[in-house]
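Next comes my_file_16.cif, with mmCIF, all heavy atoms.
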data_coords
loop_
_atom_site.label_atom_id
_atom_site.label_comp_id
_atom_site.auth_asym_id
_atom_site.auth_seq_id
_atom_site.Cartn_x
_atom_site.Cartn_y
_atom_site.Cartn_z
N MET A 1 -81.24 50.91 -56.74
CA MET A 1 -80.75 50.78 -55.37
C MET A 1 -79.96 49.48 -55.23
O MET A 1 -80.29 48.49 -55.85
CB MET A 1 -81.91 50.76 -54.40
CG MET A 1 -82.48 52.12 -54.11
SD MET A 1 -83.47 52.03 -52.64
CE MET A 1 -84.99 52.64 -53.27
N THR A 2 -78.99 49.51 -54.33
CA THR A 2 -78.22 48.30 -54.07
C THR A 2 -78.93 47.46 -53.02
O THR A 2 -79.46 48.01 -52.05
CB THR A 2 -76.81 48.66 -53.57
OG1 THR A 2 -76.92 49.43 -52.38
CG2 THR A 2 -76.04 49.46 -54.61
N PRO A 3 -78.95 46.14 -53.18
CA PRO A 3 -79.61 45.29 -52.18
C PRO A 3 -78.79 45.23 -50.88
O PRO A 3 -77.59 45.47 -50.88
CB PRO A 3 -79.66 43.92 -52.84
CG PRO A 3 -78.57 43.94 -53.85
CD PRO A 3 -78.43 45.38 -54.29
N ASP A 4 -79.47 44.95 -49.80
CA ASP A 4 -78.80 44.82 -48.51
C ASP A 4 -77.81 43.65 -48.57
O ASP A 4 -78.04 42.67 -49.27
CB ASP A 4 -79.85 44.58 -47.43
CG ASP A 4 -79.28 44.71 -46.04
OD1 ASP A 4 -78.16 45.23 -45.91
OD2 ASP A 4 -79.95 44.31 -45.08
N VAL A 5 -76.72 43.75 -47.83
CA VAL A 5 -75.70 42.71 -47.87
C VAL A 5 -76.27 41.36 -47.43
O VAL A 5 -75.99 40.33 -48.01
CB VAL A 5 -74.49 43.11 -47.00
CG1 VAL A 5 -73.48 41.98 -46.92
CG2 VAL A 5 -73.84 44.37 -47.54
N ALA A 6 -77.09 41.36 -46.37
CA ALA A 6 -77.66 40.12 -45.87
C ALA A 6 -78.63 39.50 -46.87
O ALA A 6 -78.89 38.31 -46.84
CB ALA A 6 -78.36 40.37 -44.54
N GLU A 7 -79.17 40.30 -47.78
CA GLU A 7 -80.12 39.82 -48.78
C GLU A 7 -79.46 39.63 -50.14
O GLU A 7 -80.13 39.49 -51.15
CB GLU A 7 -81.27 40.81 -48.90
CG GLU A 7 -81.89 41.14 -47.57
CD GLU A 7 -83.34 40.78 -47.49
OE1 GLU A 7 -83.95 40.60 -48.53
OE2 GLU A 7 -83.84 40.66 -46.37
N SER A 8 -78.13 39.66 -50.16
CA SER A 8 -77.39 39.54 -51.41
C SER A 8 -77.60 38.17 -52.04
O SER A 8 -77.84 37.18 -51.35
CB SER A 8 -75.90 39.76 -51.14
OG SER A 8 -75.15 39.54 -52.31
N ALA A 9 -77.47 38.12 -53.36
CA ALA A 9 -77.65 36.86 -54.08
C ALA A 9 -76.45 35.94 -53.88
O ALA A 9 -76.56 34.73 -54.05
CB ALA A 9 -77.86 37.14 -55.55
N ASP A 10 -75.30 36.52 -53.52
CA ASP A 10 -74.08 35.73 -53.34
C ASP A 10 -74.12 35.04 -51.97
O ASP A 10 -74.14 35.71 -50.94
CB ASP A 10 -72.87 36.67 -53.43
CG ASP A 10 -71.56 35.92 -53.43
OD1 ASP A 10 -71.60 34.67 -53.44
OD2 ASP A 10 -70.50 36.56 -53.40
N PRO A 11 -74.15 33.70 -51.94
CA PRO A 11 -74.25 33.02 -50.65
C PRO A 11 -73.04 33.24 -49.75
O PRO A 11 -73.15 33.22 -48.54
CB PRO A 11 -74.41 31.54 -51.03
CG PRO A 11 -74.04 31.44 -52.45
CD PRO A 11 -74.18 32.80 -53.06
N ARG A 12 -71.87 33.47 -50.36
CA ARG A 12 -70.67 33.68 -49.55
C ARG A 12 -70.76 35.00 -48.79
O ARG A 12 -70.43 35.06 -47.61
CB ARG A 12 -69.44 33.69 -50.47
CG ARG A 12 -68.14 33.74 -49.71
CD ARG A 12 -66.97 33.37 -50.62
NE ARG A 12 -65.73 33.56 -49.91
CZ ARG A 12 -64.89 34.57 -50.14
NH1 ARG A 12 -65.16 35.45 -51.07
NH2 ARG A 12 -63.79 34.68 -49.44
N ARG A 13 -71.25 36.04 -49.45
CA ARG A 13 -71.42 37.34 -48.78
C ARG A 13 -72.47 37.25 -47.70
O ARG A 13 -72.35 37.85 -46.63
CB ARG A 13 -71.80 38.41 -49.78
CG ARG A 13 -70.65 38.85 -50.65
CD ARG A 13 -71.03 40.02 -51.49
NE ARG A 13 -71.26 41.18 -50.64
CZ ARG A 13 -70.68 42.36 -50.81
NH1 ARG A 13 -69.85 42.51 -51.79
NH2 ARG A 13 -70.93 43.34 -50.00
N ARG A 14 -73.55 36.48 -47.96
CA ARG A 14 -74.60 36.31 -46.95
C ARG A 14 -74.06 35.59 -45.73
O ARG A 14 -74.36 35.95 -44.59
CB ARG A 14 -75.77 35.54 -47.56
CG ARG A 14 -76.95 35.45 -46.63
CD ARG A 14 -78.09 34.68 -47.25
NE ARG A 14 -78.52 35.30 -48.50
CZ ARG A 14 -79.05 34.63 -49.51
NH1 ARG A 14 -79.24 33.33 -49.43
NH2 ARG A 14 -79.42 35.26 -50.60
N LEU A 15 -73.23 34.56 -45.96
CA LEU A 15 -72.63 33.81 -44.86
C LEU A 15 -71.71 34.72 -44.03
O LEU A 15 -71.76 34.70 -42.80
CB LEU A 15 -71.83 32.61 -45.40
CG LEU A 15 -71.08 31.78 -44.36
CD1 LEU A 15 -72.07 31.12 -43.41
CD2 LEU A 15 -70.20 30.76 -45.02
N ILE A 16 -70.90 35.52 -44.71
CA ILE A 16 -70.00 36.43 -43.99
C ILE A 16 -70.80 37.44 -43.18
O ILE A 16 -70.47 37.73 -42.02
CB ILE A 16 -69.06 37.13 -45.00
CG1 ILE A 16 -68.07 36.12 -45.58
CG2 ILE A 16 -68.31 38.28 -44.33
CD1 ILE A 16 -67.24 36.65 -46.72
N ALA A 17 -71.89 37.97 -43.76
CA ALA A 17 -72.72 38.93 -43.03
C ALA A 17 -73.38 38.28 -41.81
O ALA A 17 -73.40 38.87 -40.73
CB ALA A 17 -73.79 39.49 -43.97
N ASN A 18 -73.89 37.06 -41.98
CA ASN A 18 -74.53 36.38 -40.85
C ASN A 18 -73.52 36.07 -39.75
O ASN A 18 -73.82 36.25 -38.57
CB ASN A 18 -75.20 35.09 -41.32
CG ASN A 18 -76.50 35.37 -42.05
OD1 ASN A 18 -77.08 36.43 -41.91
ND2 ASN A 18 -76.94 34.41 -42.85
N LEU A 19 -72.33 35.59 -40.12
CA LEU A 19 -71.31 35.30 -39.11
C LEU A 19 -70.86 36.56 -38.40
O LEU A 19 -70.61 36.54 -37.19
CB LEU A 19 -70.11 34.60 -39.76
CG LEU A 19 -70.37 33.17 -40.25
CD1 LEU A 19 -69.13 32.61 -40.91
CD2 LEU A 19 -70.82 32.28 -39.10
N THR A 20 -70.77 37.67 -39.12
CA THR A 20 -70.39 38.93 -38.50
C THR A 20 -71.45 39.37 -37.49
O THR A 20 -71.12 39.80 -36.38
CB THR A 20 -70.20 40.02 -39.57
OG1 THR A 20 -69.21 39.58 -40.49
CG2 THR A 20 -69.78 41.33 -38.96
N LEU A 21 -72.72 39.26 -37.87
CA LEU A 21 -73.79 39.65 -36.96
C LEU A 21 -73.83 38.74 -35.73
O LEU A 21 -74.04 39.21 -34.61
CB LEU A 21 -75.13 39.61 -37.68
CG LEU A 21 -75.38 40.74 -38.67
CD1 LEU A 21 -76.69 40.52 -39.41
CD2 LEU A 21 -75.38 42.08 -37.97
N ILE A 22 -73.62 37.44 -35.93
CA ILE A 22 -73.59 36.51 -34.80
C ILE A 22 -72.43 36.84 -33.87
O ILE A 22 -72.58 36.89 -32.65
CB ILE A 22 -73.53 35.06 -35.31
CG1 ILE A 22 -74.86 34.67 -35.96
CG2 ILE A 22 -73.18 34.10 -34.17
CD1 ILE A 22 -74.81 33.36 -36.70
N GLY A 23 -71.26 37.09 -34.45
CA GLY A 23 -70.09 37.44 -33.65
C GLY A 23 -70.29 38.73 -32.87
O GLY A 23 -69.93 38.82 -31.70
N LEU A 24 -70.89 39.72 -33.51
CA LEU A 24 -71.15 40.98 -32.84
C LEU A 24 -72.16 40.79 -31.70
O LEU A 24 -72.00 41.36 -30.62
CB LEU A 24 -71.67 42.01 -33.84
CG LEU A 24 -71.85 43.42 -33.34
CD1 LEU A 24 -70.52 44.01 -32.89
CD2 LEU A 24 -72.48 44.29 -34.41
N GLY A 25 -73.17 39.97 -31.94
CA GLY A 25 -74.16 39.69 -30.89
C GLY A 25 -73.54 38.99 -29.70
O GLY A 25 -73.84 39.32 -28.55
N ILE A 26 -72.66 38.02 -29.95
CA ILE A 26 -71.98 37.32 -28.86
C ILE A 26 -71.08 38.29 -28.09
O ILE A 26 -71.03 38.26 -26.86
CB ILE A 26 -71.20 36.12 -29.40
CG1 ILE A 26 -72.17 35.04 -29.88
CG2 ILE A 26 -70.23 35.57 -28.36
CD1 ILE A 26 -71.49 33.89 -30.59
N TYR A 27 -70.39 39.17 -28.83
CA TYR A 27 -69.51 40.15 -28.19
C TYR A 27 -70.31 41.08 -27.27
O TYR A 27 -69.92 41.30 -26.11
CB TYR A 27 -68.78 40.95 -29.26
CG TYR A 27 -67.94 42.07 -28.74
CD1 TYR A 27 -66.72 41.80 -28.10
CD2 TYR A 27 -68.34 43.40 -28.86
CE1 TYR A 27 -65.95 42.83 -27.61
CE2 TYR A 27 -67.57 44.43 -28.37
CZ TYR A 27 -66.37 44.14 -27.75
OH TYR A 27 -65.61 45.15 -27.25
N VAL A 28 -71.43 41.58 -27.75
CA VAL A 28 -72.27 42.48 -26.94
C VAL A 28 -72.82 41.73 -25.72
O VAL A 28 -72.84 42.27 -24.61
CB VAL A 28 -73.40 43.08 -27.80
CG1 VAL A 28 -74.44 43.78 -26.94
CG2 VAL A 28 -72.83 44.04 -28.82
N ALA A 29 -73.23 40.47 -25.92
CA ALA A 29 -73.75 39.68 -24.80
C ALA A 29 -72.67 39.45 -23.74
O ALA A 29 -72.95 39.52 -22.54
CB ALA A 29 -74.29 38.35 -25.31
N MET A 30 -71.43 39.21 -24.18
CA MET A 30 -70.35 38.99 -23.22
C MET A 30 -70.02 40.27 -22.44
O MET A 30 -69.77 40.23 -21.24
CB MET A 30 -69.10 38.46 -23.93
CG MET A 30 -69.26 37.06 -24.47
SD MET A 30 -69.64 35.83 -23.22
CE MET A 30 -68.06 35.70 -22.42
N ILE A 31 -70.03 41.42 -23.13
CA ILE A 31 -69.80 42.69 -22.44
C ILE A 31 -70.90 42.96 -21.43
O ILE A 31 -70.66 43.40 -20.30
CB ILE A 31 -69.70 43.85 -23.47
CG1 ILE A 31 -68.47 43.66 -24.35
CG2 ILE A 31 -69.66 45.20 -22.79
CD1 ILE A 31 -67.15 43.75 -23.62
N TRP A 32 -72.15 42.67 -21.82
CA TRP A 32 -73.28 42.87 -20.93
C TRP A 32 -73.19 41.94 -19.71
O TRP A 32 -73.42 42.35 -18.57
CB TRP A 32 -74.56 42.61 -21.72
CG TRP A 32 -75.83 42.76 -20.96
CD1 TRP A 32 -76.38 43.91 -20.51
CD2 TRP A 32 -76.72 41.71 -20.55
NE1 TRP A 32 -77.55 43.64 -19.85
CE2 TRP A 32 -77.78 42.31 -19.86
CE3 TRP A 32 -76.70 40.32 -20.71
CZ2 TRP A 32 -78.83 41.56 -19.33
CZ3 TRP A 32 -77.75 39.59 -20.18
CH2 TRP A 32 -78.78 40.20 -19.51
N LEU A 33 -72.81 40.67 -19.95
CA LEU A 33 -72.66 39.72 -18.86
C LEU A 33 -71.52 40.13 -17.94
O LEU A 33 -71.61 39.99 -16.72
CB LEU A 33 -72.42 38.33 -19.43
CG LEU A 33 -72.52 37.15 -18.47
CD1 LEU A 33 -73.90 37.09 -17.84
CD2 LEU A 33 -72.20 35.86 -19.18
N LEU A 34 -70.43 40.64 -18.51
CA LEU A 34 -69.31 41.12 -17.70
C LEU A 34 -69.75 42.28 -16.81
O LEU A 34 -69.37 42.34 -15.63
CB LEU A 34 -68.16 41.55 -18.61
CG LEU A 34 -66.94 42.16 -17.92
CD1 LEU A 34 -66.29 41.14 -17.00
CD2 LEU A 34 -65.95 42.66 -18.94
N ALA A 35 -70.55 43.19 -17.35
CA ALA A 35 -71.04 44.32 -16.56
C ALA A 35 -71.92 43.83 -15.41
O ALA A 35 -71.79 44.31 -14.27
CB ALA A 35 -71.81 45.29 -17.45
N LEU A 36 -72.81 42.88 -15.68
CA LEU A 36 -73.66 42.33 -14.62
C LEU A 36 -72.81 41.60 -13.58
O LEU A 36 -73.07 41.69 -12.37
CB LEU A 36 -74.70 41.38 -15.20
CG LEU A 36 -75.83 42.02 -15.99
CD1 LEU A 36 -76.73 40.94 -16.56
CD2 LEU A 36 -76.63 42.96 -15.12
N ASP A 37 -71.78 40.87 -14.03
CA ASP A 37 -70.90 40.15 -13.12
C ASP A 37 -70.16 41.12 -12.21
O ASP A 37 -70.02 40.87 -11.01
CB ASP A 37 -69.92 39.32 -13.95
CG ASP A 37 -68.98 38.49 -13.08
OD1 ASP A 37 -69.45 37.88 -12.11
OD2 ASP A 37 -67.78 38.45 -13.39
N GLN A 38 -69.70 42.23 -12.78
CA GLN A 38 -68.99 43.23 -11.98
C GLN A 38 -69.94 43.88 -10.97
O GLN A 38 -69.54 44.16 -9.84
CB GLN A 38 -68.40 44.30 -12.89
CG GLN A 38 -67.29 43.81 -13.79
CD GLN A 38 -66.00 43.58 -13.06
OE1 GLN A 38 -65.58 44.42 -12.28
NE2 GLN A 38 -65.39 42.44 -13.28
N GLN A 39 -71.17 44.10 -11.38
CA GLN A 39 -72.13 44.78 -10.51
C GLN A 39 -72.58 43.91 -9.35
O GLN A 39 -72.66 44.36 -8.22
CB GLN A 39 -73.35 45.21 -11.35
CG GLN A 39 -74.39 45.98 -10.58
CD GLN A 39 -73.94 47.36 -10.20
OE1 GLN A 39 -73.10 47.95 -10.86
NE2 GLN A 39 -74.48 47.88 -9.11
N PHE A 40 -72.87 42.63 -9.64
CA PHE A 40 -73.47 41.77 -8.63
C PHE A 40 -72.51 40.75 -8.04
O PHE A 40 -72.92 39.91 -7.24
CB PHE A 40 -74.69 41.05 -9.23
CG PHE A 40 -75.78 42.00 -9.64
CD1 PHE A 40 -76.07 42.20 -10.98
CD2 PHE A 40 -76.52 42.69 -8.69
CE1 PHE A 40 -77.08 43.08 -11.37
CE2 PHE A 40 -77.52 43.57 -9.07
CZ PHE A 40 -77.80 43.77 -10.40
N HIS A 41 -71.23 40.80 -8.45
CA HIS A 41 -70.17 39.94 -7.88
C HIS A 41 -70.53 38.45 -7.95
O HIS A 41 -70.49 37.74 -6.96
CB HIS A 41 -69.89 40.34 -6.42
CG HIS A 41 -69.63 41.79 -6.24
ND1 HIS A 41 -68.48 42.39 -6.70
CD2 HIS A 41 -70.36 42.77 -5.67
CE1 HIS A 41 -68.51 43.69 -6.39
NE2 HIS A 41 -69.66 43.94 -5.78
N TRP A 42 -70.93 38.00 -9.14
CA TRP A 42 -71.29 36.60 -9.33
C TRP A 42 -70.07 35.70 -9.44
O TRP A 42 -70.17 34.51 -9.18
CB TRP A 42 -72.14 36.43 -10.57
CG TRP A 42 -73.51 37.04 -10.45
CD1 TRP A 42 -74.20 37.28 -9.32
CD2 TRP A 42 -74.35 37.48 -11.53
NE1 TRP A 42 -75.41 37.85 -9.61
CE2 TRP A 42 -75.54 37.98 -10.94
CE3 TRP A 42 -74.21 37.50 -12.90
CZ2 TRP A 42 -76.58 38.49 -11.71
CZ3 TRP A 42 -75.24 38.00 -13.67
CH2 TRP A 42 -76.41 38.50 -13.08
N GLY A 43 -68.95 36.23 -9.86
CA GLY A 43 -67.74 35.44 -10.00
C GLY A 43 -67.67 34.62 -11.28
O GLY A 43 -66.95 33.63 -11.33
N ILE A 44 -68.43 35.00 -12.31
CA ILE A 44 -68.37 34.29 -13.57
C ILE A 44 -67.00 34.47 -14.21
O ILE A 44 -66.35 33.53 -14.62
CB ILE A 44 -69.48 34.77 -14.53
CG1 ILE A 44 -70.84 34.49 -13.93
CG2 ILE A 44 -69.34 34.11 -15.90
CD1 ILE A 44 -72.00 35.14 -14.69
N PHE A 45 -66.57 35.73 -14.30
CA PHE A 45 -65.24 36.06 -14.79
C PHE A 45 -64.39 36.32 -13.54
O PHE A 45 -64.50 37.36 -12.94
CB PHE A 45 -65.28 37.30 -15.68
CG PHE A 45 -66.22 37.18 -16.84
CD1 PHE A 45 -67.50 37.73 -16.78
CD2 PHE A 45 -65.85 36.53 -17.99
CE1 PHE A 45 -68.38 37.62 -17.84
CE2 PHE A 45 -66.71 36.41 -19.06
CZ PHE A 45 -67.97 36.96 -18.98
N LYS A 46 -63.58 35.34 -13.19
CA LYS A 46 -62.85 35.42 -11.92
C LYS A 46 -62.07 36.73 -11.84
O LYS A 46 -61.46 37.15 -12.79
CB LYS A 46 -61.87 34.25 -11.81
CG LYS A 46 -62.53 32.89 -11.96
CD LYS A 46 -63.43 32.59 -10.79
CE LYS A 46 -64.03 31.21 -10.97
NZ LYS A 46 -65.20 30.99 -10.19
N PRO A 47 -62.09 37.37 -10.67
CA PRO A 47 -61.40 38.66 -10.51
C PRO A 47 -59.89 38.55 -10.62
O PRO A 47 -59.31 37.58 -10.31
CB PRO A 47 -61.80 39.14 -9.14
CG PRO A 47 -62.35 37.96 -8.43
CD PRO A 47 -62.78 36.97 -9.47
#
File written out as structure tokens:
Amino acid sequence: MTPDVAESADPRRRLIANLTLIGLGIYVAMIWLLALDQQFHWGIFKP
């Protein structure tokens, strides 16, 4: 079996995988925050 990318022995691949996951998490959090802002009119993202 092939090892998971995040568990790879190559530190460069592990770094790329971690940065990708962090970036994806930030993206999802921003979309979620935008949805809450639109729903409750907080004005975080100016209209």
What box, with edges along x, y and z, holds each listed atom of region 30-45 of chain A when 8 Å is added on every side, and can you state its centre and edge lengths in Å to one decimal, as JSON?
{"center_x": -71.6, "center_y": 40.7, "center_z": -15.1, "size_x": 30.4, "size_y": 30.4, "size_z": 34.8}
Using all heavy atoms, which protein or nucleic acid residues come within 6 Å of Ile44 (chain A)? Drop anything in the same chain fewer than 3 positions from it, and give the result as a short mmCIF file (atom, residue, chain, number, x, y, z; two decimals) with all heavy atoms, in the coordinates of the input.
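Dumped to result_18.cif:
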data_model
loop_
_atom_site.label_atom_id
_atom_site.label_comp_id
_atom_site.auth_asym_id
_atom_site.auth_seq_id
_atom_site.Cartn_x
_atom_site.Cartn_y
_atom_site.Cartn_z
N LEU A 33 -72.81 40.67 -19.95
CA LEU A 33 -72.66 39.72 -18.86
C LEU A 33 -71.52 40.13 -17.94
O LEU A 33 -71.61 39.99 -16.72
CB LEU A 33 -72.42 38.33 -19.43
CG LEU A 33 -72.52 37.15 -18.47
CD1 LEU A 33 -73.90 37.09 -17.84
CD2 LEU A 33 -72.20 35.86 -19.18
N ASP A 37 -71.78 40.87 -14.03
CA ASP A 37 -70.90 40.15 -13.12
C ASP A 37 -70.16 41.12 -12.21
O ASP A 37 -70.02 40.87 -11.01
CB ASP A 37 -69.92 39.32 -13.95
CG ASP A 37 -68.98 38.49 -13.08
OD1 ASP A 37 -69.45 37.88 -12.11
OD2 ASP A 37 -67.78 38.45 -13.39
N HIS A 41 -71.23 40.80 -8.45
CA HIS A 41 -70.17 39.94 -7.88
C HIS A 41 -70.53 38.45 -7.95
O HIS A 41 -70.49 37.74 -6.96
CB HIS A 41 -69.89 40.34 -6.42
CG HIS A 41 -69.63 41.79 -6.24
ND1 HIS A 41 -68.48 42.39 -6.70
CD2 HIS A 41 -70.36 42.77 -5.67
CE1 HIS A 41 -68.51 43.69 -6.39
NE2 HIS A 41 -69.66 43.94 -5.78
#
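Atom pair CG of Phe45 (chain A) / atom O of Ile16 (chain A) has a distance of 25.5 Å (rounded to one decimal).
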d(CA of Trp42 (chain A), CA of Ala29 (chain A)) in Å: 16.0 Å
Between CA of Tyr27 (chain A) and NH1 of Arg14 (chain A), measure the distance and give it in Å to one decimal. 24.3 Å
